[in-house]
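J.: Input start-v8.tsv, format and content: TSV, C-alpha atoms.
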```tsv
chain	number	residue	atom	x	y	z
A	1	MET	CA	171.80	206.28	86.27
A	2	ILE	CA	173.29	207.85	89.42
A	3	ILE	CA	169.79	208.82	90.56
A	4	GLU	CA	168.61	205.23	90.04
A	5	ARG	CA	171.49	203.90	92.10
A	6	LEU	CA	170.82	206.33	94.92
A	7	LEU	CA	167.12	205.46	94.86
A	8	ALA	CA	167.95	201.74	94.92
A	9	LEU	CA	170.23	202.30	97.92
A	10	LEU	CA	167.50	204.24	99.71
A	11	LEU	CA	164.90	201.55	99.00
A	12	LEU	CA	167.23	198.79	100.18
A	13	PHE	CA	167.67	200.71	103.43
A	14	LEU	CA	163.93	201.35	103.86
A	15	LEU	CA	162.98	197.80	102.93
A	16	ALA	CA	165.69	196.18	105.06
A	17	PRO	CA	163.17	195.00	107.72
A	18	ILE	CA	161.11	193.24	105.00
A	19	LEU	CA	164.27	191.71	103.52
A	20	ILE	CA	165.24	190.34	106.91
A	21	ILE	CA	161.77	189.00	107.73
A	22	VAL	CA	161.31	187.32	104.33
A	23	GLY	CA	164.82	185.87	104.55
A	24	ILE	CA	164.16	184.38	107.98
A	25	VAL	CA	160.79	182.92	106.93
A	26	LEU	CA	162.34	181.41	103.80
A	27	LYS	CA	165.20	179.95	105.83
A	28	ILE	CA	162.79	178.32	108.27
A	29	SER	CA	160.27	177.05	105.70
A	30	MET	CA	162.51	176.12	102.76
A	31	GLY	CA	166.04	176.00	104.11
A	32	SER	CA	169.07	177.24	102.21
A	33	PRO	CA	169.70	179.02	99.98
A	34	VAL	CA	167.41	181.96	100.70
A	35	PHE	CA	168.33	183.73	97.46
A	36	PHE	CA	167.90	182.58	93.86
A	37	LYS	CA	170.88	183.62	91.73
A	38	GLN	CA	171.17	183.13	87.99
A	39	ASN	CA	173.19	184.54	85.12
A	40	ARG	CA	171.11	186.81	82.89
A	41	PRO	CA	172.05	188.95	79.86
A	42	GLY	CA	172.00	192.69	80.40
A	43	LYS	CA	172.72	195.66	78.16
A	44	GLY	CA	174.63	194.59	75.07
A	45	GLY	CA	174.12	190.95	76.08
A	46	LYS	CA	176.67	191.31	78.90
A	47	ILE	CA	176.07	188.61	81.49
A	48	PHE	CA	175.42	189.54	85.12
A	49	LEU	CA	174.28	187.63	88.19
A	50	MET	CA	170.65	188.44	88.97
A	51	ILE	CA	169.47	187.93	92.54
A	52	LYS	CA	165.92	187.33	93.80
A	53	PHE	CA	164.31	185.62	96.76
A	54	ARG	CA	163.98	181.88	96.23
A	55	THR	CA	160.40	180.72	95.55
A	56	MET	CA	160.87	177.04	94.63
A	57	LEU	CA	161.95	173.87	96.37
A	58	ASN	CA	165.07	172.08	95.16
A	59	GLU	CA	164.70	170.30	91.81
A	60	ASP	CA	164.78	166.80	93.30
A	61	ASN	CA	161.99	165.66	95.61
A	62	SER	CA	162.33	163.26	98.54
A	63	ILE	CA	162.45	160.17	96.30
A	64	GLY	CA	164.92	161.63	93.84
A	65	VAL	CA	162.51	162.33	91.02
A	66	THR	CA	162.91	165.65	89.25
A	67	GLU	CA	159.73	167.70	89.50
A	68	GLU	CA	158.33	170.32	87.14
A	69	ASP	CA	158.74	173.93	88.22
A	70	GLU	CA	155.04	174.53	88.85
A	71	SER	CA	154.95	171.67	91.37
A	72	ARG	CA	158.03	173.01	93.19
A	73	ILE	CA	156.60	176.45	93.94
A	74	THR	CA	155.51	176.60	97.58
A	75	LYS	CA	152.58	178.57	98.97
A	76	LEU	CA	155.09	181.05	100.34
A	77	GLY	CA	156.76	181.18	96.93
A	78	ASN	CA	153.43	181.90	95.26
A	79	PHE	CA	152.79	184.71	97.72
A	80	LEU	CA	156.23	186.22	97.15
A	81	ARG	CA	155.73	186.09	93.37
A	82	SER	CA	152.18	187.45	93.35
A	83	SER	CA	153.17	190.30	95.68
A	84	SER	CA	156.49	190.84	93.83
A	85	LEU	CA	158.32	190.65	97.17
A	86	ASP	CA	160.69	188.16	95.54
A	87	GLU	CA	161.98	191.05	93.41
A	88	ILE	CA	163.21	193.21	96.31
A	89	PRO	CA	166.78	191.79	96.24
A	90	THR	CA	166.97	192.80	92.56
A	91	LEU	CA	167.46	196.34	93.84
A	92	TRP	CA	171.05	195.20	94.43
A	93	ASN	CA	171.41	194.77	90.65
A	94	VAL	CA	170.11	198.31	90.16
A	95	LEU	CA	172.59	199.59	92.74
A	96	ARG	CA	175.40	197.86	90.84
A	97	GLY	CA	174.28	199.46	87.58
A	98	GLU	CA	173.38	196.13	85.96
A	99	MET	CA	169.65	196.81	85.85
A	100	SER	CA	167.22	199.73	85.81
A	101	PHE	CA	163.88	200.14	87.52
A	102	VAL	CA	162.22	200.08	84.07
A	103	GLY	CA	163.31	198.14	81.00
A	104	PRO	CA	162.86	194.78	79.28
A	105	ARG	CA	162.93	192.00	81.85
A	106	PRO	CA	166.22	190.04	81.88
A	107	LEU	CA	165.51	186.62	80.38
A	108	LEU	CA	167.53	183.42	80.23
A	109	GLU	CA	171.06	183.46	78.81
A	110	GLU	CA	170.19	180.52	76.57
A	111	TYR	CA	167.65	182.67	74.70
A	112	LEU	CA	170.33	184.97	73.24
A	113	PRO	CA	170.94	183.02	70.00
A	114	LEU	CA	167.19	182.51	69.49
A	115	TYR	CA	166.21	186.15	69.01
A	116	ASN	CA	165.81	187.58	65.53
A	117	ASP	CA	167.46	190.91	64.71
A	118	ARG	CA	164.49	192.97	65.86
A	119	GLN	CA	164.00	191.05	69.11
A	120	SER	CA	167.70	191.47	69.90
A	121	GLN	CA	167.14	195.22	70.18
A	122	ARG	CA	165.75	194.59	73.67
A	123	HIS	CA	169.38	194.33	74.79
A	124	SER	CA	170.27	197.84	73.64
A	125	VAL	CA	169.17	199.14	77.06
A	126	ARG	CA	169.63	197.89	80.59
A	127	PRO	CA	167.02	195.33	81.70
A	128	GLY	CA	164.46	196.41	84.25
A	129	ILE	CA	162.70	195.19	87.36
A	130	THR	CA	159.49	196.03	85.53
A	131	GLY	CA	158.72	196.97	81.95
A	132	TRP	CA	156.21	197.75	79.22
A	133	ALA	CA	155.46	194.05	78.67
A	134	GLN	CA	154.86	193.54	82.40
A	135	ILE	CA	152.01	196.08	82.49
A	136	ASN	CA	150.55	194.81	79.21
A	137	GLY	CA	149.95	191.17	80.00
A	138	ARG	CA	153.05	190.04	81.86
A	139	ASN	CA	153.17	186.23	81.48
A	140	LEU	CA	149.69	185.84	79.94
A	141	ILE	CA	150.76	187.05	76.49
A	142	SER	CA	152.70	185.15	73.84
A	143	TRP	CA	156.46	185.34	73.52
A	144	GLU	CA	156.10	187.16	70.18
A	145	LYS	CA	153.89	189.82	71.79
A	146	LYS	CA	156.09	190.16	74.86
A	147	LEU	CA	159.28	190.64	72.83
A	148	GLU	CA	157.56	193.09	70.48
A	149	LEU	CA	156.46	195.12	73.50
A	150	ASP	CA	160.05	195.12	74.76
A	151	VAL	CA	161.29	196.49	71.44
A	152	TRP	CA	158.49	199.07	71.36
A	153	TYR	CA	159.69	200.30	74.75
A	154	VAL	CA	163.29	200.59	73.50
A	155	GLU	CA	162.10	202.63	70.52
A	156	ASN	CA	159.81	204.90	72.54
A	157	ARG	CA	161.33	205.12	76.01
A	158	SER	CA	161.18	208.38	77.88
A	159	PHE	CA	161.09	209.66	81.44
A	160	TRP	CA	157.30	210.00	81.39
A	161	LEU	CA	156.83	206.54	79.91
A	162	ASP	CA	158.93	205.13	82.74
A	163	ILE	CA	156.78	206.95	85.30
A	164	LYS	CA	153.64	205.53	83.66
A	165	ILE	CA	155.09	202.01	83.76
A	166	LEU	CA	156.08	202.31	87.42
A	167	TRP	CA	152.63	203.61	88.37
A	168	LYS	CA	150.82	200.84	86.48
A	169	THR	CA	153.20	198.25	87.94
A	170	ILE	CA	152.13	199.23	91.47
A	171	TYR	CA	148.49	198.88	90.40
A	172	ARG	CA	149.06	195.44	88.86
A	173	VAL	CA	151.03	194.20	91.86
A	174	PHE	CA	148.04	194.95	94.09
A	175	LYS	CA	145.70	193.22	91.60
A	176	ARG	CA	148.17	190.31	91.20
A	177	GLU	CA	147.47	189.89	87.49
A	178	GLY	CA	149.34	187.97	84.80
A	179	ILE	CA	151.67	186.05	87.10
A	180	SER	CA	151.64	182.80	85.13
A	181	GLN	CA	150.06	180.90	82.27
A	182	ASP	CA	147.92	177.86	83.09
A	183	GLY	CA	150.06	174.82	83.82
A	184	HIS	CA	153.31	176.78	84.10
A	185	ALA	CA	155.30	178.43	86.87
A	186	THR	CA	155.49	181.51	84.66
A	187	MET	CA	155.23	180.68	80.95
A	188	PRO	CA	156.69	178.13	78.48
A	189	LEU	CA	160.36	178.39	77.53
A	190	PHE	CA	161.14	180.58	74.55
A	191	VAL	CA	162.63	178.46	71.77
A	192	GLY	CA	162.41	180.75	68.76
A	193	ASP	CA	159.87	179.42	66.29
A	194	LYS	CA	159.11	176.36	68.42
A	195	ARG	CA	157.55	175.76	71.82
A	196	ILE	CA	158.18	173.13	74.46
A	197	ASN	CA	156.19	172.45	77.60
A	198	ARG	CA	158.61	173.67	80.28
A	199	ASP	CA	159.03	176.74	82.45
A	200	GLU	CA	161.77	179.35	82.48
```
How does the structure come out when it is put into structure tokens?

T.:
Amino acid sequence: MIIERLLALLLLFLLAPILIIVGIVLKISMGSPVFFKQNRPGKGGKIFLMIKFRTMLNEDNSIGVTEEDESRITKLGNFLRSSSLDEIPTLWNVLRGEMSFVGPRPLLEEYLPLYNDRQSQRHSVRPGITGWAQINGRNLISWEKKLELDVWYVENRSFWLDIKILWKTIYRVFKREGISQDGHATMPLFVGDKRINRDE
């Protein structure tokens, strides 16, 4: 954990020019805020404030009509997501010990009561910037498959598995695969045994 924090600090220092440039471009093109902040459950379900670069316009458009998430993502936002540059600020969460480089992705707080006992095991480890589900379909697979992959990682995690995941993550970032399902900003909301046509 100490090594992860030191690595996160080093990466934040090395990537500072990119952080500054992206922040300025976001400020000019989309205004404030530059960062997207949201409560997410971490290890043991403990809530923490996750931080990323903002990729969407405000929820209300110029005539006051709430727009769906996929219509609020800008071209810049799409680029940041497909290149994973929007995730750079998440290194701050790693530095704070709230996240790891590898682990189940932190999902919405409202999903907590919807998991079954097996799916809840994903919270027995710290969430990650990337994970086993991210290199095995990302947002193109079903919720059931994604959560099962998360639990598989928890049951089989090791140093070498983490290295494999990090290596394949770099490969997938360059290929820009699995970013979203058709018609969604990412994928439909998880609602247990039901599905509704919205984005997380």

J.: Compile the contact shell of Met1 (chain A) as a list of chain:residue names: residues with an atom at most 9 Å away, counting all atoms listed in the file, same-chain residues fewer than 2 positions apart removed.

T.: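 With the cut-off at 9 Å, the set is A:Ile3, A:Glu4, A:Arg5, A:Leu6, A:Gly97, A:Ser100.
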
J.: Would you list the residues near (162.5, 186.5, 95.2), meaning any protein, DNA or RNA residue with an atom at most 12 Å from that point in file coordinates, counting only C-alpha atoms, as a ChimeraX atom specification?

T.: /A:18-19,22-23,26,33-38,50-56,73,76-91,129

J.: To one decimal place in Å, what is the distance between CA of Val102 (chain A) and CA of Leu57 (chain A)?

T.: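 Computing it gives 29.0 Å between the two atoms.
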
J.: Counting all atoms listed in the file, which of A:Ile170, A:Leu149, A:Leu49, A:Leu14 gets nearest to Glu109 (chain A)?

T.: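 Between A:Ile170, A:Leu149, A:Leu49, A:Leu14, the residue approaching Glu109 (chain A) most closely is A:Leu49.
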
J.: From the list A:Pro188, A:Pro113, A:Gly103, A:Pro17, which residue is nearest Pro127 (chain A) when using only C-alpha atoms?

T.: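 Ranked by minimum distance to Pro127 (chain A), first place goes to A:Gly103.
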
J.: Give me the residues within 7 Å of Arg126 (chain A) as a list in words, counting only C-alpha atoms and dropping any in the same chain fewer than 2 places off.

T.: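 The residues satisfying every condition are Gly42, Lys43, Glu98, Met99, Ser100, Gly103, His123, Ser124 and Gly128 of chain A.
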
J.: Could you state the separation of CA of Ser158 (chain A) and CA of Asn116 (chain A) in Å, given to one decimal place?

T.: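 Between CA of Ser158 (chain A) and CA of Asn116 (chain A) the gap is 24.6 Å.
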
J.: Could you work out how far CA of Lys168 (chain A) lies from CA of Gln121 (chain A), giving the answer in Å with one decimal?

T.: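 CA of Lys168 (chain A) lies 23.7 Å from CA of Gln121 (chain A).
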
J.: Restricting the calculation to all atoms listed in the file, which member of A:Gly45, A:Pro104, A:Gly137, A:Gly31 is positioned closest to Arg157 (chain A)?

T.: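 Answer, going by the shortest atom-to-atom distance: A:Pro104.
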
J.: Around the point (156.1, 204.4, 82.1), in the coordinates given by the file, pick out the residues reaching within 10 Å, counting only C-alpha atoms, and return them as a ChimeraX atom specification.

T.: /A:102-103,130-132,135,153,157-169

J.: Could you tell me which of A:Lys175, A:Leu9, A:Val125, A:Gln119 comes closest to Lys145 (chain A) if we count only C-alpha atoms?

T.: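 Under the stated criterion, the closest residue is A:Gln119.
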
J.: So, counting only C-alpha atoms, which residue among A:Ala133, A:Met30, A:Leu108, A:Leu114 is closest to Phe48 (chain A)?

T.: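 Nearest candidate to Phe48 (chain A) out of A:Ala133, A:Met30, A:Leu108, A:Leu114: A:Leu108.
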
J.: For region 130-146 of chain A, where the input has fewer atoms than it should, I would like N, CA and C atoms rebuilt and written as a PDB file, keeping the file's coordinate frame.

T.:
```pdb
ATOM      1  N   THR A 130     160.785 196.079  86.190  1.00  0.00           N
ATOM      2  CA  THR A 130     159.490 196.030  85.530  1.00  0.00           C
ATOM      3  C   THR A 130     159.632 196.635  84.138  1.00  0.00           C
ATOM      4  N   GLY A 131     158.609 196.465  83.316  1.00  0.00           N
ATOM      5  CA  GLY A 131     158.720 196.970  81.950  1.00  0.00           C
ATOM      6  C   GLY A 131     157.372 197.093  81.258  1.00  0.00           C
ATOM      7  N   TRP A 132     157.411 197.545  80.016  1.00  0.00           N
ATOM      8  CA  TRP A 132     156.210 197.750  79.220  1.00  0.00           C
ATOM      9  C   TRP A 132     155.428 196.450  79.043  1.00  0.00           C
ATOM     10  N   ALA A 133     156.127 195.348  78.837  1.00  0.00           N
ATOM     11  CA  ALA A 133     155.460 194.050  78.670  1.00  0.00           C
ATOM     12  C   ALA A 133     154.795 193.607  79.969  1.00  0.00           C
ATOM     13  N   GLN A 134     155.394 193.966  81.108  1.00  0.00           N
ATOM     14  CA  GLN A 134     154.860 193.540  82.400  1.00  0.00           C
ATOM     15  C   GLN A 134     153.522 194.210  82.715  1.00  0.00           C
ATOM     16  N   ILE A 135     153.295 195.422  82.216  1.00  0.00           N
ATOM     17  CA  ILE A 135     152.010 196.080  82.490  1.00  0.00           C
ATOM     18  C   ILE A 135     151.019 195.869  81.342  1.00  0.00           C
ATOM     19  N   ASN A 136     151.428 195.105  80.345  1.00  0.00           N
ATOM     20  CA  ASN A 136     150.550 194.810  79.210  1.00  0.00           C
ATOM     21  C   ASN A 136     150.382 193.310  78.987  1.00  0.00           C
ATOM     22  N   GLY A 137     150.219 192.598  80.110  1.00  0.00           N
ATOM     23  CA  GLY A 137     149.950 191.170  80.000  1.00  0.00           C
ATOM     24  C   GLY A 137     150.871 190.285  80.792  1.00  0.00           C
ATOM     25  N   ARG A 138     152.075 190.781  81.075  1.00  0.00           N
ATOM     26  CA  ARG A 138     153.050 190.040  81.860  1.00  0.00           C
ATOM     27  C   ARG A 138     153.274 188.652  81.267  1.00  0.00           C
ATOM     28  N   ASN A 139     152.934 187.591  81.981  1.00  0.00           N
ATOM     29  CA  ASN A 139     153.170 186.230  81.480  1.00  0.00           C
ATOM     30  C   ASN A 139     151.951 185.603  80.807  1.00  0.00           C
ATOM     31  N   LEU A 140     150.886 186.378  80.596  1.00  0.00           N
ATOM     32  CA  LEU A 140     149.690 185.840  79.940  1.00  0.00           C
ATOM     33  C   LEU A 140     149.714 186.023  78.428  1.00  0.00           C
ATOM     34  N   ILE A 141     150.666 186.811  77.930  1.00  0.00           N
ATOM     35  CA  ILE A 141     150.760 187.050  76.490  1.00  0.00           C
ATOM     36  C   ILE A 141     151.789 186.128  75.866  1.00  0.00           C
ATOM     37  N   SER A 142     151.764 186.024  74.541  1.00  0.00           N
ATOM     38  CA  SER A 142     152.700 185.150  73.840  1.00  0.00           C
ATOM     39  C   SER A 142     154.104 185.729  73.870  1.00  0.00           C
ATOM     40  N   TRP A 143     155.082 184.878  73.599  1.00  0.00           N
ATOM     41  CA  TRP A 143     156.460 185.340  73.520  1.00  0.00           C
ATOM     42  C   TRP A 143     156.619 186.410  72.434  1.00  0.00           C
ATOM     43  N   GLU A 144     155.979 186.197  71.285  1.00  0.00           N
ATOM     44  CA  GLU A 144     156.100 187.160  70.180  1.00  0.00           C
ATOM     45  C   GLU A 144     155.597 188.540  70.620  1.00  0.00           C
ATOM     46  N   LYS A 145     154.464 188.558  71.321  1.00  0.00           N
ATOM     47  CA  LYS A 145     153.890 189.820  71.790  1.00  0.00           C
ATOM     48  C   LYS A 145     154.777 190.451  72.846  1.00  0.00           C
ATOM     49  N   LYS A 146     155.254 189.637  73.780  1.00  0.00           N
ATOM     50  CA  LYS A 146     156.090 190.160  74.860  1.00  0.00           C
ATOM     51  C   LYS A 146     157.374 190.797  74.309  1.00  0.00           C
TER      52      LYS A 146
END
```
